[in-house]
Each structure stands twice: as structure tokens, then as C-alpha cells.
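Coordinates from my_file-v4.cif are shown below (mmCIF, C-alpha atoms and all ligand atoms).
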data_query
loop_
_atom_site.label_atom_id
_atom_site.label_comp_id
_atom_site.auth_asym_id
_atom_site.auth_seq_id
_atom_site.Cartn_x
_atom_site.Cartn_y
_atom_site.Cartn_z
CA MET A 27 253.21 43.53 215.20
CA ALA A 28 254.21 46.51 213.09
CA GLU A 29 255.35 49.55 214.97
CA LYS A 30 252.65 52.20 215.25
CA PRO A 31 253.12 55.38 213.23
CA THR A 32 253.97 58.88 214.32
CA ALA A 33 251.02 61.03 213.32
CA VAL A 34 251.30 64.46 211.79
CA ILE A 35 248.13 66.44 212.42
CA TYR A 36 247.51 68.89 209.61
CA SER A 37 244.76 70.59 207.62
CA GLY A 38 244.95 73.02 204.70
CA ARG A 39 242.36 75.00 206.68
CA PHE A 40 245.18 76.17 208.96
CA LEU A 41 246.30 78.44 206.09
CA ASP A 42 242.99 80.32 206.33
CA HIS A 43 244.07 82.08 209.51
CA LYS A 44 245.28 85.07 207.48
CA THR A 45 247.61 87.48 209.20
CA GLY A 46 248.65 89.85 206.38
CA VAL A 47 252.24 91.07 206.56
CA HIS A 48 253.27 89.20 209.69
CA CYS A 49 255.96 86.73 210.71
CA GLU A 50 253.28 84.25 211.91
CA ALA A 51 252.21 83.62 208.31
CA PRO A 52 250.44 80.68 206.60
CA SER A 53 253.70 79.92 204.73
CA ARG A 54 255.13 78.60 208.02
CA LEU A 55 252.96 75.51 207.75
CA LYS A 56 253.84 74.93 204.10
CA ILE A 57 257.48 74.82 205.16
CA ALA A 58 256.54 72.55 208.06
CA MET A 59 254.69 70.07 205.82
CA GLU A 60 257.54 70.01 203.27
CA THR A 61 259.75 68.42 205.93
CA LEU A 62 257.80 65.18 205.33
CA GLN A 63 259.40 65.11 201.86
CA ASN A 64 262.84 64.76 203.43
CA PRO A 65 264.14 61.55 201.80
CA GLU A 66 265.14 59.91 205.09
CA LEU A 67 261.82 60.70 206.78
CA LYS A 68 259.88 59.65 203.71
CA ALA A 69 261.75 56.38 203.24
CA SER A 70 261.11 55.39 206.86
CA GLY A 71 257.37 54.97 206.19
CA LYS A 72 256.75 55.86 209.83
CA PHE A 73 254.49 58.86 209.38
CA THR A 74 250.78 59.19 208.82
CA VAL A 75 248.96 62.47 208.23
CA ILE A 76 245.67 62.93 210.09
CA GLU A 77 243.05 65.63 209.46
CA PRO A 78 241.96 67.32 212.67
CA ARG A 79 238.42 67.72 213.95
CA LEU A 80 236.89 70.91 215.32
CA ALA A 81 236.94 71.39 219.07
CA SER A 82 233.59 72.34 220.55
CA LYS A 83 233.15 75.50 222.63
CA GLU A 84 232.75 73.28 225.70
CA GLU A 85 236.10 71.67 224.96
CA ILE A 86 237.83 75.03 224.49
CA ALA A 87 236.19 76.14 227.75
CA LEU A 88 238.22 73.48 229.57
CA VAL A 89 240.97 76.12 229.66
CA HIS A 90 239.42 79.45 228.58
CA SER A 91 236.59 81.56 229.95
CA VAL A 92 233.34 81.46 228.00
CA ASP A 93 233.52 85.27 227.72
CA TYR A 94 236.92 85.12 226.02
CA ILE A 95 235.82 82.42 223.57
CA GLU A 96 232.75 84.48 222.69
CA GLU A 97 234.83 87.64 222.33
CA VAL A 98 237.14 85.95 219.79
CA ARG A 99 234.15 84.45 217.94
CA SER A 100 232.33 87.76 217.61
CA PHE A 101 235.54 89.67 216.74
CA CYS A 102 236.12 87.30 213.82
CA ALA A 103 232.44 87.31 212.83
CA ARG A 104 232.63 91.11 212.57
CA GLY A 105 235.43 90.72 210.02
CA GLY A 106 238.53 90.46 212.21
CA GLY A 107 241.46 92.89 212.26
CA TYR A 108 244.16 93.42 214.89
CA TYR A 109 242.81 91.85 218.08
CA ASP A 110 245.71 93.51 219.91
CA GLY A 111 249.01 95.11 218.93
CA ASP A 112 250.56 91.76 217.95
CA THR A 113 247.72 89.48 216.98
CA PRO A 114 245.84 89.78 213.69
CA LEU A 115 242.67 87.74 213.17
CA SER A 116 240.82 87.09 209.93
CA PRO A 117 237.11 86.20 209.64
CA GLU A 118 238.08 82.49 209.54
CA SER A 119 240.42 82.63 212.55
CA PHE A 120 237.90 81.52 215.17
CA GLU A 121 237.11 78.34 213.28
CA VAL A 122 240.75 77.73 212.39
CA ALA A 123 241.77 78.20 216.04
CA SER A 124 239.02 75.74 217.06
CA LEU A 125 240.43 73.30 214.52
CA ALA A 126 243.91 73.72 215.99
CA VAL A 127 242.57 72.81 219.44
CA GLY A 128 240.64 69.92 217.86
CA GLY A 129 243.86 68.69 216.29
CA LEU A 130 245.44 68.32 219.69
CA LEU A 131 242.35 66.66 221.15
CA GLU A 132 242.24 64.20 218.30
CA ALA A 133 245.94 63.45 218.68
CA CYS A 134 245.26 62.84 222.35
CA GLU A 135 242.40 60.43 221.55
CA LYS A 136 244.51 58.48 219.08
CA VAL A 137 247.52 58.21 221.36
CA PHE A 138 245.35 56.88 224.19
CA SER A 139 243.43 54.48 221.94
CA GLY A 140 246.77 53.08 220.83
CA ASP A 141 246.27 53.85 217.11
CA ILE A 142 249.45 55.88 216.92
CA SER A 143 252.67 55.92 218.85
CA ASN A 144 252.91 59.72 219.20
CA ALA A 145 251.84 62.83 217.29
CA PHE A 146 253.09 66.18 216.12
CA ALA A 147 250.33 68.74 215.52
CA LEU A 148 251.46 71.18 212.84
CA VAL A 149 248.83 73.77 213.65
CA ARG A 150 248.33 77.50 213.69
CA PRO A 151 247.51 79.85 215.29
CA PRO A 152 249.95 78.94 218.08
CA GLY A 153 248.73 78.80 221.67
CA HIS A 154 251.11 78.97 224.62
CA HIS A 155 250.64 82.71 225.32
CA ALA A 156 246.85 82.36 225.53
CA GLY A 157 245.68 82.32 229.15
CA ILE A 158 242.25 81.86 230.70
CA HIS A 159 240.98 85.22 229.40
CA GLY A 160 243.50 85.63 226.56
CA ARG A 161 246.32 87.94 227.70
CA ALA A 162 248.05 86.20 230.58
CA LEU A 163 250.07 87.20 233.64
CA GLY A 164 250.17 90.90 232.76
CA ALA A 165 251.30 90.47 229.12
CA LEU A 166 250.23 93.32 226.87
CA THR A 167 249.11 91.11 224.00
CA ASN A 168 248.19 87.55 223.04
CA GLY A 169 251.53 87.22 221.20
CA PHE A 170 249.99 85.75 218.00
CA CYS A 171 248.04 83.13 220.01
CA VAL A 172 244.28 82.52 220.17
CA PHE A 173 243.48 79.30 222.09
CA ASN A 174 245.98 77.33 224.13
CA ASN A 175 246.16 74.09 222.15
CA VAL A 176 248.55 72.27 224.48
CA ALA A 177 246.70 73.32 227.63
CA ALA A 178 243.40 72.13 226.12
CA ALA A 179 244.84 68.68 225.36
CA THR A 180 246.27 68.48 228.88
CA ALA A 181 242.92 69.34 230.47
CA TYR A 182 241.08 67.01 228.07
CA ALA A 183 243.28 64.03 228.95
CA ALA A 184 242.69 64.73 232.64
CA LYS A 185 238.91 65.09 232.22
CA LYS A 186 238.71 61.82 230.29
CA GLY A 187 240.65 60.13 233.06
CA TRP A 188 243.41 59.13 230.65
CA ALA A 189 246.22 61.08 232.30
CA ARG A 190 246.08 62.53 235.76
CA ARG A 191 249.67 63.79 235.74
CA SER A 192 250.88 65.58 232.60
CA LEU A 193 254.22 67.12 231.84
CA ILE A 194 254.44 70.07 229.45
CA PHE A 195 257.94 70.80 228.15
CA ASP A 196 258.08 74.18 226.38
CA PHE A 197 261.22 75.01 224.41
CA ASP A 198 259.82 77.93 222.42
CA THR A 199 262.12 80.93 222.90
CA HIS A 200 259.29 82.81 224.63
CA HIS A 201 257.88 81.92 228.03
CA GLY A 202 254.49 80.16 227.83
CA ASN A 203 252.73 82.60 230.15
CA GLY A 204 249.29 81.35 229.11
CA THR A 205 250.08 77.75 229.95
CA GLN A 206 251.62 78.76 233.25
CA GLU A 207 248.61 80.87 234.18
CA ILE A 208 246.12 78.09 233.37
CA PHE A 209 247.93 75.49 235.50
CA ASN A 210 249.67 77.72 238.06
CA SER A 211 247.98 76.21 241.11
CA ASP A 212 247.73 72.68 239.67
CA ALA A 213 250.09 70.07 241.12
CA GLN A 214 249.05 67.54 238.47
CA VAL A 215 250.58 69.57 235.65
CA LEU A 216 254.34 69.98 235.61
CA TYR A 217 255.26 72.89 233.34
CA LEU A 218 258.94 73.12 232.37
CA SER A 219 259.97 76.07 230.20
CA LEU A 220 263.33 77.04 228.73
CA HIS A 221 263.19 80.49 227.19
CA GLN A 222 265.02 83.69 226.46
CA ARG A 223 265.30 86.06 229.39
CA GLY A 224 263.86 89.56 229.29
CA ILE A 225 261.79 89.42 226.09
CA TYR A 226 258.01 89.14 225.47
CA PRO A 227 255.90 88.25 227.48
CA GLY A 228 258.11 89.44 230.36
CA THR A 229 257.46 86.48 232.65
CA GLY A 230 259.07 83.12 233.40
CA TYR A 231 261.68 84.09 235.98
CA GLU A 232 263.41 81.65 238.32
CA ASP A 233 261.17 82.47 241.27
CA GLU A 234 257.95 81.65 239.38
CA ILE A 235 257.49 78.12 240.68
CA GLY A 236 253.70 77.94 240.85
CA VAL A 237 251.16 79.01 243.46
CA GLY A 238 249.29 77.21 246.27
CA ALA A 239 249.17 73.46 245.69
CA GLY A 240 251.01 74.01 242.40
CA ARG A 241 254.19 75.27 244.06
CA GLY A 242 257.23 73.41 242.77
CA PHE A 243 255.39 72.24 239.65
CA LYS A 244 256.27 75.22 237.45
CA VAL A 245 259.92 75.23 236.44
CA ASN A 246 261.17 78.30 234.59
CA VAL A 247 264.66 78.57 233.18
CA PRO A 248 265.12 82.07 231.71
CA LEU A 249 268.35 81.79 229.73
CA PRO A 250 270.48 84.63 228.41
CA ALA A 251 270.35 85.52 224.70
CA ARG A 252 272.84 83.55 222.59
CA SER A 253 272.49 80.35 224.62
CA ASP A 254 273.65 77.42 222.48
CA ASP A 255 273.12 73.64 222.37
CA GLU A 256 275.62 73.09 225.17
CA VAL A 257 273.76 75.45 227.50
CA TYR A 258 270.36 73.90 226.68
CA LEU A 259 271.69 70.37 227.13
CA LYS A 260 273.17 71.30 230.49
CA VAL A 261 269.72 72.53 231.61
CA LEU A 262 268.18 69.37 230.18
CA GLY A 263 270.54 67.11 232.12
CA GLU A 264 270.65 69.04 235.38
CA ILE A 265 267.06 70.24 235.72
CA VAL A 266 264.55 69.02 233.11
CA GLU A 267 265.36 65.31 233.13
CA PRO A 268 265.69 64.83 236.91
CA VAL A 269 262.48 66.76 237.67
CA ALA A 270 260.57 65.02 234.86
CA GLU A 271 261.71 61.57 235.99
CA GLN A 272 260.72 62.20 239.59
CA PHE A 273 257.31 63.50 238.46
CA LYS A 274 256.54 60.29 236.53
CA PRO A 275 254.14 61.78 233.94
CA GLU A 276 251.26 59.85 232.42
CA LEU A 277 251.41 62.04 229.30
CA ILE A 278 254.10 64.31 227.87
CA LEU A 279 253.27 67.35 225.76
CA LEU A 280 255.78 69.50 223.92
CA SER A 281 255.18 73.16 223.22
CA ALA A 282 257.50 72.93 220.26
CA GLY A 283 258.55 76.37 219.13
CA TYR A 284 261.58 76.78 216.91
CA ASP A 285 262.28 80.47 217.43
CA ALA A 286 265.30 79.55 219.60
CA HIS A 287 267.01 78.26 216.43
CA HIS A 288 270.12 80.26 215.55
CA SER A 289 268.65 81.37 212.21
CA ASP A 290 265.37 82.65 213.62
CA ILE A 291 264.37 86.23 212.90
CA VAL A 292 262.44 86.71 216.15
CA GLY A 293 264.48 84.84 218.78
CA GLY A 294 268.08 85.52 219.78
CA MET A 295 269.27 82.03 220.72
CA PHE A 296 271.87 79.73 219.15
CA LEU A 297 270.15 76.32 219.11
CA SER A 298 270.86 73.95 216.20
CA ALA A 299 268.73 71.18 214.69
CA GLU A 300 270.75 68.72 216.78
CA GLY A 301 269.91 70.63 219.95
CA PHE A 302 266.19 70.33 219.22
CA ALA A 303 266.60 66.64 218.35
CA LYS A 304 268.37 65.93 221.66
CA MET A 305 265.63 67.63 223.68
CA VAL A 306 262.87 65.77 221.86
CA GLU A 307 264.77 62.46 222.09
CA SER A 308 265.08 62.93 225.82
CA MET A 309 261.30 63.41 226.15
CA VAL A 310 260.55 60.44 223.85
CA LYS A 311 262.79 58.30 226.04
CA LEU A 312 261.15 59.50 229.24
CA ALA A 313 257.68 58.92 227.73
CA ARG A 314 258.64 55.31 226.94
CA LYS A 315 259.87 54.77 230.44
CA SER A 316 257.06 56.56 232.22
CA CYS A 317 253.86 56.33 230.13
CA GLY A 318 254.09 53.84 227.29
CA GLY A 319 255.54 56.46 224.92
CA LYS A 320 252.52 58.79 225.03
CA LEU A 321 253.77 62.10 223.69
CA LEU A 322 252.09 64.95 221.82
CA ALA A 323 254.06 67.76 220.22
CA CYS A 324 252.44 71.00 219.10
CA LEU A 325 253.95 73.69 216.94
CA GLU A 326 254.22 77.05 218.69
CA GLY A 327 256.64 79.68 217.25
CA GLY A 328 259.51 79.50 214.75
CA TYR A 329 259.69 82.07 212.00
CA SER A 330 262.64 81.53 209.67
CA ALA A 331 262.40 78.87 206.97
CA GLN A 332 265.55 77.17 208.24
CA ALA A 333 264.39 77.18 211.86
CA LEU A 334 261.11 75.52 210.90
CA SER A 335 262.40 73.03 208.37
CA GLN A 336 265.42 71.82 210.31
CA GLY A 337 263.79 72.05 213.73
CA ILE A 338 260.65 70.18 212.72
CA ALA A 339 262.49 67.56 210.66
CA SER A 340 264.84 66.77 213.52
CA SER A 341 261.95 66.60 216.00
CA LEU A 342 259.88 64.31 213.79
CA ALA A 343 262.91 62.06 213.32
CA ALA A 344 263.42 61.89 217.09
CA MET A 345 259.74 61.03 217.61
CA ALA A 346 259.88 58.21 215.05
CA GLY A 347 263.28 56.93 216.20
CA ILE A 348 265.10 57.77 212.97
CA SER A 349 268.57 59.26 212.83
CA LEU A 350 268.72 62.13 210.40
CA SER A 351 271.81 63.48 208.68
CA LEU A 352 271.19 67.22 208.96
CA ARG A 353 274.04 69.65 208.63
CA ASP A 354 273.41 72.68 210.79
CA HIS A 355 276.26 74.71 212.21
CA ALA A 356 275.18 77.07 214.93
CA PRO A 357 277.42 79.67 216.57
CA ARG A 358 278.64 78.93 220.12
CA SER A 359 277.78 80.90 223.24
CA PRO A 360 280.44 83.40 224.30
CA SER A 361 281.95 82.60 227.71
CA HIS A 362 280.08 85.36 229.56
CA VAL A 363 276.81 83.84 228.30
CA GLN A 364 277.88 80.41 229.54
CA SER A 365 278.61 81.78 232.99
CA ALA A 366 275.35 83.78 233.10
CA ALA A 367 273.49 80.56 232.16
CA ALA A 368 275.31 78.65 234.91
CA GLN A 369 274.07 81.23 237.40
CA VAL A 370 270.49 80.81 236.18
CA ILE A 371 270.78 77.04 236.60
CA ARG A 372 272.04 77.49 240.15
CA LYS A 373 269.19 79.84 241.01
CA VAL A 374 266.55 77.48 239.58
CA LYS A 375 268.02 74.59 241.57
CA ASP A 376 268.05 76.67 244.77
CA ASN A 377 264.40 77.66 244.33
CA LEU A 378 263.25 74.11 243.60
CA GLY A 379 265.57 72.21 245.91
CA SER A 380 262.88 71.56 248.52
CA TYR A 381 260.52 70.08 245.91
CA TRP A 382 262.84 67.91 243.83
CA SER A 383 266.16 66.23 244.41
CA LEU A 384 268.49 68.13 242.09
ZN ZN B 1 257.94 82.06 220.53
#

Could you express the structure from this file as C-alpha cells?
Amino acid sequence: MAEKPTAVIYSGRFLDHKTGVHCEAPSRLKIAMETLQNPELKASGKFTVIEPRLASKEEIALVHSVDYIEEVRSFCARGGGYYDGDTPLSPESFEVASLAVGGLLEACEKVFSGDISNAFALVRPPGHHAGIHGRALGALTNGFCVFNNVAAATAYAAKKGWARRSLIFDFDTHHGNGTQEIFNSDAQVLYLSLHQRGIYPGTGYEDEIGVGAGRGFKVNVPLPARSDDEVYLKVLGEIVEPVAEQFKPELILLSAGYDAHHSDIVGGMFLSAEGFAKMVESMVKLARKSCGGKLLACLEGGYSAQALSQGIASSLAAMAGISLSLRDHAPRSPSHVQSAAAQVIRKVKDNLGSYWSL
């Protein structure tokens, strides 16, 4: 039997979420889609592009309040504008955001029906800052996000009875405050986030481990600026992999942001294409071991052309099991950054020691 393809979920409609002069621009997805022209990816024949469907309001309401959904709809219907200080919406944005959610739901359906091996949804607007009512956990803005695509797919898979326990691994350079808020008291959703300390949205510290029944199931690793591949891989090996293996997920979702790439104009981290590939490879491996390979990746941030093209190409390669010859030389972390990161790792382990064997 031929190996099943890795799906890329994409629609030209995603370019109709118009943001004006803004780093979260339609051109990001053009760069993202061009990665499929990489000769090694193309020659593999392992990718198939799937058009997304629209998510219904009921489906979006799996993770957002009906009031918030209606507020976004009417804001766009009135012509759009700046929804908050960071987040521009155009008249089409409500529908485009519904299509982004639908892309994830469709990817979810196809992974569980066995049509595809895994999927990367190249969607916009991004989603991980969007909480139940939009702005989450005290953040001042939606941070370019409208609906939480990854959270919707997680809730959808649970509602359908396909996956009770889901793991969300978020390597965007910003903390996914929306995702954390939505699942904060939920022990069935393990949220693991590696992000840059002290920047927007101002959450994701070591002591944020979930609330009520969800305690121990939110793992935040707020790393110092200029953390490099070595730092990230240390966190991966010492925290992410052991916790994820003990959790035994039935579905793995990646909030795949590339603004931690060393070239990015928004983030201040030093990750290289190889660093992203190693993190994705690790999750692909765990998915094979734990849930028949079921993995959905969703584009979050990433704003420089190099961050997007190299980050996405290396992630797609990892998902399809191809080795890619990308040359990407990132700077290394200075020693004081390495020791600050080591302290963060220690603190995270101390806070989670009674929940996981670390
Ligand atoms: Zn980000």
C-alpha cells in the first residue's frame, strides 16, 4: 500500500484577510506556498493540497462565546478596521477566519478517516492568542488573531469522540494565551509552549500550570531572548518529550509559528531551520508511537520571508519523512542566556515534578 500523503491545507481566499501595512500580511502565505516548489519536497511526491471548508458558527462556538463570534461578524460586516490596537480586520475577515477554522476541522476529519497521514494548515489569520471572548488572560489585544484554529480542531476531535486526549505543542515565539485560557481547567488537553519571556501577551510563566482539574497539564517554558537551537533542544529533551510521552496523546497539534527564527523581524530568538525540523520530527515520532501518526500543524506567526520559507519547508519535510538540505546558520546563544535558560528549565521541572516524572 502506498504511503498516505501529507496534506497542505490552503485556499487563495486566505489572502482576502487584508491587513494593510502590517507584518501579518497576505504575502506570508504566498511565501509559505512557494515552499512546495522546493525541488526536494516536490520530487518526493508526498504532498497533496486540499481546499478547506467553512466552519459553521456552531463549530467556532466549540471554543468561543457566541457574543464574540457575533461581534467579529458584525464588525467585519460594517466594513472592518482596527478591531484593537494590533488587529486589523477587512470586510472579508470573518469569512476568511471561518475558513481557517474549517481548514483545521477538515484536516482533522481527513486524518481520522485515514485519507492522509498528517496535515499542515497554511492558514491566516492566526489563532493562538484568541481566547473564549477574544482577548485572553488580560492581554490588551488579540495579537493579529481572530478565531483559535488549533483549539477548535482540538475541541472538534474530542466532541466527535476521535481523540479524548490531545497534545498541543506551541513553538511560536509568543505564548498562546488564548489556547491556554480555553483549556486551562481541562486535564484532557496538554498544552506545551516554548516562547520568549517578557513580550506580548505577557503570560506563560513557569508557575502557570493550569487550574482545577487541569493543573499539571499546562507546561510553559518562557525562555530568554536569543535562545538558540541548543537551548530549545534541551527543553525538548528534558521537558517536552518526557511529559508528552507520559501523557500518551490520541492526537498531536502543532501551533507552528516561525517568529522564533533568527531572521524574524518580530521575535528575538535564534532558532534555525534545523531547530524547527528537530522539534517537528520529535512530535511526528511521538505521534507514530502514541496515536498512529495523527498530527495536525497550523501556521501561527512568522514574519520574515526567510523564517517562513525555511521554517515551513523544514517542518513539511519532517512531517513527510524527507531529509532536506537547507543551509541556515543561526547565531549561538551567549553564555549568560544559556545559564538563564537552564534556570528556567529547573523552575519548570520543580513546578511540574509532582505531576510528571522529570
Ligand atoms: Zn508569534

Please write as a short mmCIF file (atom, residue, chain, number, x, y, z; two decimals) with C-alpha atoms, in the coordinates of the input the list of polymer residues whose atoms come within 12 Å of (251.2, 87.1, 226.6), counting only C-alpha atoms and keeping to the coordinates of the file.
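Result saved to selection_3.cif:
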data_model
loop_
_atom_site.label_atom_id
_atom_site.label_comp_id
_atom_site.auth_asym_id
_atom_site.auth_seq_id
_atom_site.Cartn_x
_atom_site.Cartn_y
_atom_site.Cartn_z
CA ASP A 110 245.71 93.51 219.91
CA GLY A 111 249.01 95.11 218.93
CA ASP A 112 250.56 91.76 217.95
CA THR A 113 247.72 89.48 216.98
CA PRO A 152 249.95 78.94 218.08
CA GLY A 153 248.73 78.80 221.67
CA HIS A 154 251.11 78.97 224.62
CA HIS A 155 250.64 82.71 225.32
CA ALA A 156 246.85 82.36 225.53
CA GLY A 157 245.68 82.32 229.15
CA ILE A 158 242.25 81.86 230.70
CA HIS A 159 240.98 85.22 229.40
CA GLY A 160 243.50 85.63 226.56
CA ARG A 161 246.32 87.94 227.70
CA ALA A 162 248.05 86.20 230.58
CA LEU A 163 250.07 87.20 233.64
CA GLY A 164 250.17 90.90 232.76
CA ALA A 165 251.30 90.47 229.12
CA LEU A 166 250.23 93.32 226.87
CA THR A 167 249.11 91.11 224.00
CA ASN A 168 248.19 87.55 223.04
CA GLY A 169 251.53 87.22 221.20
CA PHE A 170 249.99 85.75 218.00
CA CYS A 171 248.04 83.13 220.01
CA VAL A 172 244.28 82.52 220.17
CA PHE A 173 243.48 79.30 222.09
CA ASN A 174 245.98 77.33 224.13
CA HIS A 200 259.29 82.81 224.63
CA HIS A 201 257.88 81.92 228.03
CA GLY A 202 254.49 80.16 227.83
CA ASN A 203 252.73 82.60 230.15
CA GLY A 204 249.29 81.35 229.11
CA THR A 205 250.08 77.75 229.95
CA GLN A 206 251.62 78.76 233.25
CA GLU A 207 248.61 80.87 234.18
CA ILE A 225 261.79 89.42 226.09
CA TYR A 226 258.01 89.14 225.47
CA PRO A 227 255.90 88.25 227.48
CA GLY A 228 258.11 89.44 230.36
CA THR A 229 257.46 86.48 232.65
CA GLY A 230 259.07 83.12 233.40
#

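As for CA of Thr45 (chain A) and CA of Ser116 (chain A), they are spaced 6.8 Å apart.
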
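Of the listed residues A:His355, A:Arg314, A:His43, A:His221, the one whose atoms come nearest to ligand ZN 1 (chain B) is A:His221, with distances taken using all atoms listed in the file.
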
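Interatomic distance, CA of Ile95 (chain A) to CA of Ala183 (chain A): 20.6 Å.
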
Query raised in the report: With all atoms listed in the file as the atoms that count, which of A:His287, A:Lys320, A:Lys373, A:Lys56 lies nearest to ligand ZN 1 (chain B)?
Result: A:His287

Output the neighbourhood of ligand ZN 1 (chain B) as a short mmCIF file (atom, residue, chain, number, x, y, z; two decimals) with C-alpha atoms, in the frame of the given file, that is, all protein and nucleic acid residues with some atom at most 8 Å from the ligand, counting only C-alpha atoms and all ligand atoms.
data_model
loop_
_atom_site.label_atom_id
_atom_site.label_comp_id
_atom_site.auth_asym_id
_atom_site.auth_seq_id
_atom_site.Cartn_x
_atom_site.Cartn_y
_atom_site.Cartn_z
CA ASP A 198 259.82 77.93 222.42
CA THR A 199 262.12 80.93 222.90
CA HIS A 200 259.29 82.81 224.63
CA HIS A 201 257.88 81.92 228.03
CA GLY A 283 258.55 76.37 219.13
CA TYR A 284 261.58 76.78 216.91
CA ASP A 285 262.28 80.47 217.43
CA ALA A 286 265.30 79.55 219.60
CA VAL A 292 262.44 86.71 216.15
CA GLY A 293 264.48 84.84 218.78
CA GLU A 326 254.22 77.05 218.69
CA GLY A 327 256.64 79.68 217.25
CA GLY A 328 259.51 79.50 214.75
#

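Interatomic distance, CA of Tyr329 (chain A) against CA of Ile291 (chain A): 6.3 Å.
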
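Once Ala303 (chain A) and its same-chain neighbours fewer than 5 positions away are set aside, Gly337, Ser340, Ser341, Ala343 and Ala344 of chain A remain within 8 Å of it when counting only C-alpha atoms.
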
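Distance check against Ala367 (chain A) using all atoms listed in the file: of A:Asp254, A:Glu96, A:Glu276, A:Asp141, the minimum falls on A:Asp254.
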
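Residues of protein, DNA and RNA with at least one atom no farther than 10 Å from (244.7, 87.7, 206.4) are, using all atoms listed in the file, Leu41, Asp42, His43, Lys44, Thr45, Gly46, Val47, His48, Ala51, Pro52, Gly106, Gly107, Pro114, Leu115, Ser116, Pro117, Glu118 and Ser119 of chain A.
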
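Proximity to Arg79 (chain A) was assessed for A:Val92, A:Ala251, A:Ala313, A:Leu125 counting all atoms listed in the file; the smallest distance is recorded for A:Leu125.
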
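When only C-alpha atoms are used to measure the gap to Glu85 (chain A), the shortest distance among A:Ser289, A:Ser124, A:Ser351, A:Gln364 belongs to A:Ser124.
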
**Report entry** Nearest to Ala33 (chain A) by atom-to-atom distance, counting only C-alpha atoms, from A:Ile235, A:Ala366, A:Ala333, A:Leu321
**Finding:** A:Leu321

Report task. Do a neighbour search on Leu220 (chain A) at 8 Å with only C-alpha atoms, toss out local chain neighbours closer than 5 positions, and write the hits as a PyMOL selection string. Result -> chain A and resi 196-199+201+246-249+258

Mind giving me the axis-aligned box for region 151-162 of chain A with 4 Å on every side, centre plus edges in Å to one decimal, as lines of an AutoDock Vina configuration file?
center_x = 246.0
center_y = 83.4
center_z = 223.0
size_x = 18.1
size_y = 17.1
size_z = 23.4

Report task. For region 377-379 of chain A, list every protein, DNA or RNA residue within 10 Å, evaluated using all atoms listed in the file, and leave out those in the same chain fewer than 2 positions away; present the list as a PyMOL selection string. Result -> chain A and resi 232-235+241-245+265+269+372-375+381-384

Completed region 90-101 of chain A (N, CA, C and O atoms) as a PDB file, keeping the file's coordinate frame:
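Dumped everything to rebuild.pdb:
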ATOM      1  N   HIS A  90     239.668  78.011 228.788  1.00  0.00           N
ATOM      2  CA  HIS A  90     239.420  79.450 228.580  1.00  0.00           C
ATOM      3  C   HIS A  90     238.039  79.829 229.116  1.00  0.00           C
ATOM      4  O   HIS A  90     237.127  78.995 229.149  1.00  0.00           O
ATOM      5  N   SER A  91     237.900  81.102 229.484  1.00  0.00           N
ATOM      6  CA  SER A  91     236.590  81.560 229.950  1.00  0.00           C
ATOM      7  C   SER A  91     235.633  81.633 228.758  1.00  0.00           C
ATOM      8  O   SER A  91     236.047  81.900 227.622  1.00  0.00           O
ATOM      9  N   VAL A  92     234.363  81.407 229.045  1.00  0.00           N
ATOM     10  CA  VAL A  92     233.340  81.460 228.000  1.00  0.00           C
ATOM     11  C   VAL A  92     233.297  82.863 227.387  1.00  0.00           C
ATOM     12  O   VAL A  92     233.127  83.027 226.174  1.00  0.00           O
ATOM     13  N   ASP A  93     233.509  83.883 228.221  1.00  0.00           N
ATOM     14  CA  ASP A  93     233.520  85.270 227.720  1.00  0.00           C
ATOM     15  C   ASP A  93     234.615  85.481 226.683  1.00  0.00           C
ATOM     16  O   ASP A  93     234.407  86.148 225.671  1.00  0.00           O
ATOM     17  N   TYR A  94     235.797  84.947 226.963  1.00  0.00           N
ATOM     18  CA  TYR A  94     236.920  85.120 226.020  1.00  0.00           C
ATOM     19  C   TYR A  94     236.638  84.405 224.700  1.00  0.00           C
ATOM     20  O   TYR A  94     236.848  84.970 223.622  1.00  0.00           O
ATOM     21  N   ILE A  95     236.115  83.184 224.791  1.00  0.00           N
ATOM     22  CA  ILE A  95     235.820  82.420 223.570  1.00  0.00           C
ATOM     23  C   ILE A  95     234.806  83.195 222.718  1.00  0.00           C
ATOM     24  O   ILE A  95     234.977  83.350 221.505  1.00  0.00           O
ATOM     25  N   GLU A  96     233.797  83.734 223.399  1.00  0.00           N
ATOM     26  CA  GLU A  96     232.750  84.480 222.690  1.00  0.00           C
ATOM     27  C   GLU A  96     233.314  85.775 222.097  1.00  0.00           C
ATOM     28  O   GLU A  96     232.952  86.168 220.985  1.00  0.00           O
ATOM     29  N   GLU A  97     234.218  86.397 222.821  1.00  0.00           N
ATOM     30  CA  GLU A  97     234.830  87.640 222.330  1.00  0.00           C
ATOM     31  C   GLU A  97     235.603  87.384 221.030  1.00  0.00           C
ATOM     32  O   GLU A  97     235.496  88.144 220.069  1.00  0.00           O
ATOM     33  N   VAL A  98     236.373  86.290 221.001  1.00  0.00           N
ATOM     34  CA  VAL A  98     237.140  85.950 219.790  1.00  0.00           C
ATOM     35  C   VAL A  98     236.162  85.624 218.656  1.00  0.00           C
ATOM     36  O   VAL A  98     236.334  86.084 217.520  1.00  0.00           O
ATOM     37  N   ARG A  99     235.111  84.841 218.978  1.00  0.00           N
ATOM     38  CA  ARG A  99     234.150  84.450 217.940  1.00  0.00           C
ATOM     39  C   ARG A  99     233.507  85.684 217.309  1.00  0.00           C
ATOM     40  O   ARG A  99     233.462  85.828 216.098  1.00  0.00           O
ATOM     41  N   SER A 100     233.052  86.612 218.166  1.00  0.00           N
ATOM     42  CA  SER A 100     232.330  87.760 217.610  1.00  0.00           C
ATOM     43  C   SER A 100     233.314  88.720 216.908  1.00  0.00           C
ATOM     44  O   SER A 100     232.959  89.325 215.904  1.00  0.00           O
ATOM     45  N   PHE A 101     234.534  88.832 217.398  1.00  0.00           N
ATOM     46  CA  PHE A 101     235.540  89.670 216.740  1.00  0.00           C
ATOM     47  C   PHE A 101     235.769  89.189 215.308  1.00  0.00           C
ATOM     48  O   PHE A 101     235.828  89.980 214.366  1.00  0.00           O
TER      49      PHE A 101
END
